[in-house]
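J.: Input file: model34.csv. Contents: CSV, C-alpha atoms.
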```csv
chain,number,residue,atom,x,y,z
P,11,GLY,CA,0.0,0.0,0.0
P,12,ASN,CA,0.9,3.7,0.0
P,13,SER,CA,3.3,5.0,2.6
P,14,VAL,CA,5.1,8.1,3.6
P,15,THR,CA,8.5,8.3,5.4
P,16,GLN,CA,9.8,11.4,7.1
P,17,MET,CA,13.1,12.2,8.7
P,18,GLU,CA,13.1,11.6,12.4
P,19,GLY,CA,13.2,14.5,14.8
P,20,PRO,CA,13.4,16.5,16.8
P,21,VAL,CA,15.1,18.9,14.5
P,22,THR,CA,16.6,21.8,16.5
P,23,LEU,CA,17.8,25.0,14.7
P,24,SER,CA,18.8,28.5,15.6
P,25,GLU,CA,16.6,31.4,14.4
P,26,GLU,CA,17.4,32.3,10.7
P,27,ALA,CA,18.9,28.9,9.9
P,28,PHE,CA,17.9,27.0,6.8
P,29,LEU,CA,15.4,24.2,7.2
P,30,THR,CA,15.0,20.9,5.3
P,31,ILE,CA,12.7,18.2,6.4
P,32,ASN,CA,12.9,15.1,4.2
P,33,CYS,CA,9.9,13.2,3.0
P,34,THR,CA,9.8,10.3,0.6
P,35,TYR,CA,6.8,8.3,-0.5
P,36,THR,CA,5.6,5.0,-2.0
P,37,ALA,CA,2.5,5.2,-4.0
P,38,THR,CA,0.7,3.6,-7.0
P,39,GLY,CA,-0.9,5.9,-9.5
P,40,TYR,CA,-0.4,9.7,-9.4
P,41,PRO,CA,-0.7,10.9,-5.8
P,42,SER,CA,-1.3,14.4,-4.5
P,43,LEU,CA,1.2,15.5,-1.8
P,44,PHE,CA,0.7,17.7,1.2
P,45,TRP,CA,2.6,19.2,4.1
P,46,TYR,CA,0.6,19.9,7.3
P,47,VAL,CA,1.7,21.8,10.4
P,48,GLN,CA,0.5,21.2,14.0
P,49,TYR,CA,1.1,23.7,16.7
P,50,PRO,CA,0.9,22.5,20.4
P,51,GLY,CA,-2.5,21.4,21.5
P,52,GLU,CA,-4.1,22.2,18.1
P,53,GLY,CA,-5.3,20.4,15.0
P,54,LEU,CA,-3.5,20.1,11.7
P,55,GLN,CA,-3.4,23.0,9.3
P,56,LEU,CA,-2.6,22.6,5.6
P,57,LEU,CA,0.8,24.3,4.9
P,58,LEU,CA,1.2,23.6,1.2
P,59,LYS,CA,0.4,21.0,-1.5
P,60,ALA,CA,1.3,19.8,-5.0
P,61,THR,CA,-0.8,17.8,-7.3
P,62,LYS,CA,1.5,16.7,-10.1
P,63,ALA,CA,5.1,16.0,-10.8
P,64,ASP,CA,7.4,19.1,-10.8
P,65,ASP,CA,4.8,21.2,-9.1
P,66,LYS,CA,6.1,23.5,-6.3
P,67,GLY,CA,3.9,24.2,-3.4
P,68,SER,CA,4.7,27.3,-1.3
P,69,ASN,CA,3.3,29.2,1.6
P,70,LYS,CA,4.6,31.5,4.4
P,71,GLY,CA,8.2,31.1,3.2
P,72,PHE,CA,8.0,27.2,3.1
P,73,GLU,CA,8.4,25.4,-0.2
P,74,ALA,CA,8.3,21.8,-1.4
P,75,THR,CA,8.7,20.4,-4.9
P,76,TYR,CA,7.0,17.2,-6.1
P,77,ARG,CA,9.8,15.0,-7.5
P,78,LYS,CA,8.4,11.9,-9.1
P,79,GLU,CA,11.8,10.6,-10.2
P,80,THR,CA,13.0,10.4,-6.6
P,81,THR,CA,9.5,10.0,-5.0
P,82,SER,CA,10.3,12.9,-2.7
P,83,PHE,CA,8.6,16.0,-1.4
P,84,HIS,CA,11.1,17.7,0.9
P,85,LEU,CA,10.0,20.7,2.9
P,86,GLU,CA,12.4,23.8,2.9
P,87,LYS,CA,12.5,27.2,4.4
P,88,GLY,CA,15.3,29.7,4.0
P,89,SER,CA,15.2,31.3,7.4
P,90,VAL,CA,13.2,29.8,10.3
P,91,GLN,CA,11.7,31.8,13.1
P,92,VAL,CA,10.9,30.7,16.7
P,93,SER,CA,7.2,30.8,15.7
P,94,ASP,CA,7.8,28.0,13.2
P,95,SER,CA,8.3,25.6,16.1
P,96,ALA,CA,5.7,22.9,15.5
P,97,VAL,CA,5.2,19.3,14.3
P,98,TYR,CA,5.3,18.9,10.5
P,99,PHE,CA,3.5,16.1,8.7
P,100,CYS,CA,4.0,14.9,5.1
P,101,ALA,CA,1.0,13.2,3.6
P,102,LEU,CA,-0.3,11.8,0.3
P,103,THR,CA,-3.6,10.8,-1.2
P,104,SER,CA,-4.0,8.6,-4.3
P,105,SER,CA,-7.0,7.3,-6.3
P,106,ARG,CA,-5.4,3.9,-5.8
P,107,GLU,CA,-6.0,4.1,-2.0
P,108,TYR,CA,-9.4,2.8,-1.1
P,109,GLY,CA,-11.6,5.8,-0.3
P,110,ASN,CA,-8.9,8.2,-1.4
P,111,LYS,CA,-7.7,8.2,2.2
P,112,LEU,CA,-4.9,10.4,3.3
P,113,VAL,CA,-1.7,8.6,4.4
P,114,PHE,CA,0.5,10.5,6.9
P,115,GLY,CA,4.1,10.3,7.8
P,116,ALA,CA,5.0,10.0,11.5
P,117,GLY,CA,5.7,13.7,11.8
P,118,THR,CA,8.8,15.7,12.5
P,119,ILE,CA,9.2,18.0,15.5
P,120,LEU,CA,10.9,21.3,14.8
P,121,ARG,CA,12.3,23.4,17.6
P,122,VAL,CA,13.7,26.8,16.8
P,123,LYS,CA,15.9,28.6,19.4
P,124,SER,CA,16.2,32.3,19.6
U,3,ASP,CA,-17.1,31.0,8.9
U,4,GLY,CA,-16.9,27.5,7.5
U,5,GLY,CA,-15.0,24.9,9.4
U,6,ILE,CA,-15.0,21.9,11.6
U,7,THR,CA,-15.9,22.1,15.3
U,8,GLN,CA,-14.9,19.4,17.8
U,9,SER,CA,-16.2,19.4,21.3
U,10,PRO,CA,-15.3,19.3,24.1
U,11,LYS,CA,-11.6,20.4,23.9
U,12,TYR,CA,-10.8,18.4,27.1
U,13,LEU,CA,-12.7,15.3,28.3
U,14,PHE,CA,-12.2,13.2,31.4
U,15,ARG,CA,-13.6,9.7,31.6
U,16,LYS,CA,-13.7,7.1,34.3
U,17,GLU,CA,-12.6,3.6,33.4
U,18,GLY,CA,-15.5,1.5,32.2
U,19,GLN,CA,-17.5,4.4,30.9
U,20,ASN,CA,-18.4,5.1,27.3
U,21,VAL,CA,-17.9,8.6,26.0
U,22,THR,CA,-18.9,10.4,22.8
U,23,LEU,CA,-16.8,13.0,21.0
U,24,SER,CA,-18.6,15.5,18.8
U,25,CYS,CA,-17.5,16.6,15.3
U,26,GLU,CA,-19.6,19.0,13.3
U,27,GLN,CA,-18.7,20.6,9.9
U,28,ASN,CA,-20.4,23.3,7.8
U,29,LEU,CA,-18.2,22.9,4.8
U,30,ASN,CA,-20.7,20.7,2.9
U,31,HIS,CA,-18.1,18.0,2.7
U,32,ASP,CA,-19.1,14.4,2.0
U,33,ALA,CA,-16.2,12.6,3.6
U,34,MET,CA,-15.3,12.7,7.3
U,35,TYR,CA,-12.6,11.0,9.3
U,36,TRP,CA,-11.5,10.3,12.9
U,37,TYR,CA,-7.8,10.0,13.8
U,38,ARG,CA,-6.1,9.2,17.0
U,39,GLN,CA,-2.8,10.8,17.9
U,40,ASP,CA,-0.5,9.6,20.8
U,41,PRO,CA,2.4,11.7,22.2
U,42,GLY,CA,5.2,11.9,19.8
U,43,GLN,CA,3.4,9.8,17.2
U,44,GLY,CA,1.7,10.3,13.9
U,45,LEU,CA,-2.0,10.0,13.1
U,46,ARG,CA,-3.8,6.7,13.0
U,47,LEU,CA,-7.1,6.3,11.3
U,48,ILE,CA,-10.0,5.0,13.4
U,49,TYR,CA,-13.1,5.3,11.2
U,50,TYR,CA,-14.1,7.2,8.0
U,51,SER,CA,-17.2,7.9,6.2
U,52,GLN,CA,-17.6,8.9,2.5
U,53,ILE,CA,-21.3,9.5,2.5
U,54,VAL,CA,-24.2,9.8,4.9
U,55,ASN,CA,-25.3,6.4,6.5
U,56,ASP,CA,-22.1,4.7,5.5
U,57,PHE,CA,-18.8,4.3,7.2
U,58,GLN,CA,-15.7,2.0,7.2
U,59,LYS,CA,-13.2,0.9,9.8
U,60,GLY,CA,-9.8,2.4,9.7
U,61,ASP,CA,-6.6,0.9,11.0
U,62,ILE,CA,-7.5,0.9,14.7
U,63,ALA,CA,-11.3,0.6,15.0
U,64,GLU,CA,-11.5,-1.8,17.9
U,65,GLY,CA,-13.1,-0.3,20.9
U,66,TYR,CA,-14.6,2.6,18.9
U,67,SER,CA,-18.0,3.2,17.2
U,68,VAL,CA,-19.3,5.9,14.9
U,69,SER,CA,-22.5,7.0,13.2
U,70,ARG,CA,-23.2,9.2,10.2
U,71,GLU,CA,-26.9,10.1,10.3
U,72,LYS,CA,-26.4,13.7,9.0
U,73,LYS,CA,-23.9,15.0,6.5
U,74,GLU,CA,-22.5,17.6,8.9
U,75,SER,CA,-22.1,15.3,11.9
U,76,PHE,CA,-19.8,12.4,12.6
U,77,PRO,CA,-19.7,11.6,16.3
U,78,LEU,CA,-17.2,9.1,17.8
U,79,THR,CA,-17.9,6.9,20.8
U,80,VAL,CA,-15.0,5.5,22.8
U,81,THR,CA,-16.3,2.4,24.5
U,82,SER,CA,-15.2,0.6,27.6
U,83,ALA,CA,-13.7,-2.0,25.3
U,84,GLN,CA,-11.0,0.4,24.2
U,85,LYS,CA,-8.0,-0.6,26.4
U,86,ASN,CA,-6.0,2.5,26.3
U,87,PRO,CA,-8.3,5.4,25.3
U,88,THR,CA,-6.2,8.3,26.7
U,89,ALA,CA,-5.1,10.2,23.5
U,90,PHE,CA,-5.7,13.3,21.3
U,91,TYR,CA,-8.5,12.7,18.9
U,92,LEU,CA,-8.8,14.6,15.6
U,93,CYS,CA,-11.7,14.9,13.2
U,94,ALA,CA,-11.3,15.9,9.6
U,95,SER,CA,-13.4,16.3,6.5
U,96,ARG,CA,-12.8,16.5,2.7
U,97,PRO,CA,-15.1,17.3,-0.2
U,98,GLY,CA,-15.1,13.5,-1.0
U,99,THR,CA,-14.2,13.7,-4.6
U,100,GLY,CA,-10.8,13.8,-6.2
U,101,LEU,CA,-7.5,14.1,-4.3
U,102,SER,CA,-8.2,17.1,-2.2
U,103,GLU,CA,-6.7,18.1,1.1
U,104,ALA,CA,-8.4,17.4,4.5
U,105,PHE,CA,-9.6,20.1,6.9
U,106,PHE,CA,-9.1,19.4,10.6
U,107,GLY,CA,-10.8,20.3,13.8
U,108,GLN,CA,-9.0,21.6,16.8
U,109,GLY,CA,-9.0,18.2,18.5
U,110,THR,CA,-10.3,16.7,21.7
U,111,ARG,CA,-7.9,15.5,24.4
U,112,LEU,CA,-9.4,12.5,26.2
U,113,THR,CA,-8.0,11.4,29.6
U,114,VAL,CA,-9.1,8.3,31.5
U,115,VAL,CA,-9.0,8.9,35.2
```
If you convert what's in this file into structure tokens, what do you get?

T.:
Amino acid sequence: GNSVTQMEGPVTLSEEAFLTINCTYTATGYPSLFWYVQYPGEGLQLLLKATKADDKGSNKGFEATYRKETTSFHLEKGSVQVSDSAVYFCALTSSREYGNKLVFGAGTILRVKS
Amino acid sequence: DGGITQSPKYLFRKEGQNVTLSCEQNLNHDAMYWYRQDPGQGLRLIYYSQIVNDFQKGDIAEGYSVSREKKESFPLTVTSAQKNPTAFYLCASRPGTGLSEAFFGQGTRLTVV
């Protein structure tokens, strides 16, 4: 079945550092890919998405490019802030997944120090 | 404003009791989902519903039950058969067609005392 693998955390960075959170996937068909963010005690919010190969999703300074050849969707940000501290989830959905269910990675904790 | 509302935000339950978590959406979405999240872990799918009066088990349905009598509502009952119910529960919805993103509620933290 479909699956998502994220780099393990926690990732600890200083303010203004460059961020990369790796995400690779296994899927049949042509999945759509997502990054969600979860702040402490809250639900998940969609951060960005990409629906086809070579698409770049972007939002709030975060970017991720849908790479079909490497089955990856790595999250990047050029300069992180303390307010970016949260848990980040990579996810996919595919028409080959029964019910078009979303499949999530395990999440990566990001801690940004001032 | 359109969105998903989960209530209550915090819930305490005595061992042996059933408890029902509420999830309401006004987004006119067909599909709704319940996930469980344990500390430091990802999301695990409990139940999902693609249409009114129909639902399917997810990966960890044992000890849980749901109903979908109305399009906007998808309550989750945590029964006494659930051995370790203390967790953070998240409800989500999607339009139900295509490969769209899901929209999440703010979650309910259930603690068994």

J.: Of the candidates U:Gly100, U:Asn28, U:Lys16, U:Gln108, which one gets nearest to Tyr40 in chain P if we count all atoms listed in the file?

T.: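 When distances to Tyr40 in chain P are compared using all atoms listed in the file, the smallest one comes from U:Gly100.
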
J.: Provide as a VMD selection string the residues of chain U at most 12 Å from chain P, counting only C-alpha atoms.

T.: chain U and resid 5 to 8 11 to 12 32 to 53 57 to 61 89 to 111

J.: Measure the distance from CA of Val90 in chain P to CA of Leu23 in chain P in Å and round it to one decimal.

T.: 8.0 Å

J.: Can you measure CA of Cys33 in chain P to CA of Ala63 in chain P for me? One decimal in Å is fine.

T.: 14.9 Å

J.: With only C-alpha atoms as the counted atoms, please give the residues lying no more than 7 Å from Ser67 in chain U, apart from itself and same-chain residues fewer than 2 positions off, as a list in words.

T.: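 Final neighbour list, sorted by chain and number: Leu78, Thr79 and Val80 of chain U.
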
J.: Work out how far apart CA of Val114 in chain U and CA of Ala96 in chain P are and give it in Å to one decimal.

T.: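 Pair CA of Val114 in chain U / CA of Ala96 in chain P returns 26.2 Å.
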
J.: Can you pull out every residue within 7 Å of Lys62 in chain P, counting only C-alpha atoms, but drop anything in the same chain fewer than 2 positions away, and send it as a short mmCIF file (atom, residue, chain, number, x, y, z; two decimals) with C-alpha atoms, in the frame of the given file?

T.:
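Okay, this is what ended up in selection.cif:
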```cif
data_model
loop_
_atom_site.label_atom_id
_atom_site.label_comp_id
_atom_site.auth_asym_id
_atom_site.auth_seq_id
_atom_site.Cartn_x
_atom_site.Cartn_y
_atom_site.Cartn_z
CA SER P 42 -1.30 14.40 -4.50
CA ALA P 60 1.30 19.80 -5.00
CA ASP P 64 7.40 19.10 -10.80
CA ASP P 65 4.80 21.20 -9.10
CA TYR P 76 7.00 17.20 -6.10
#
```

J.: For a quick check of your reading of the model, name the residues lying within 12 Å of the coordinate (-17.4, 8.4, 33.2), counting all atoms listed in the file, and write them as a PDB file with C-alpha atoms, in the frame of the given file.

T.:
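Dumped to selection.pdb:
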```
ATOM      1  CA  LEU U  13     -12.700  15.300  28.300  1.00  0.00           C
ATOM      2  CA  PHE U  14     -12.200  13.200  31.400  1.00  0.00           C
ATOM      3  CA  ARG U  15     -13.600   9.700  31.600  1.00  0.00           C
ATOM      4  CA  LYS U  16     -13.700   7.100  34.300  1.00  0.00           C
ATOM      5  CA  GLU U  17     -12.600   3.600  33.400  1.00  0.00           C
ATOM      6  CA  GLY U  18     -15.500   1.500  32.200  1.00  0.00           C
ATOM      7  CA  GLN U  19     -17.500   4.400  30.900  1.00  0.00           C
ATOM      8  CA  ASN U  20     -18.400   5.100  27.300  1.00  0.00           C
ATOM      9  CA  VAL U  21     -17.900   8.600  26.000  1.00  0.00           C
ATOM     10  CA  THR U  22     -18.900  10.400  22.800  1.00  0.00           C
ATOM     11  CA  VAL U  80     -15.000   5.500  22.800  1.00  0.00           C
ATOM     12  CA  THR U  81     -16.300   2.400  24.500  1.00  0.00           C
ATOM     13  CA  SER U  82     -15.200   0.600  27.600  1.00  0.00           C
ATOM     14  CA  LEU U 112      -9.400  12.500  26.200  1.00  0.00           C
ATOM     15  CA  THR U 113      -8.000  11.400  29.600  1.00  0.00           C
ATOM     16  CA  VAL U 114      -9.100   8.300  31.500  1.00  0.00           C
ATOM     17  CA  VAL U 115      -9.000   8.900  35.200  1.00  0.00           C
TER      18      VAL U 115
END
```
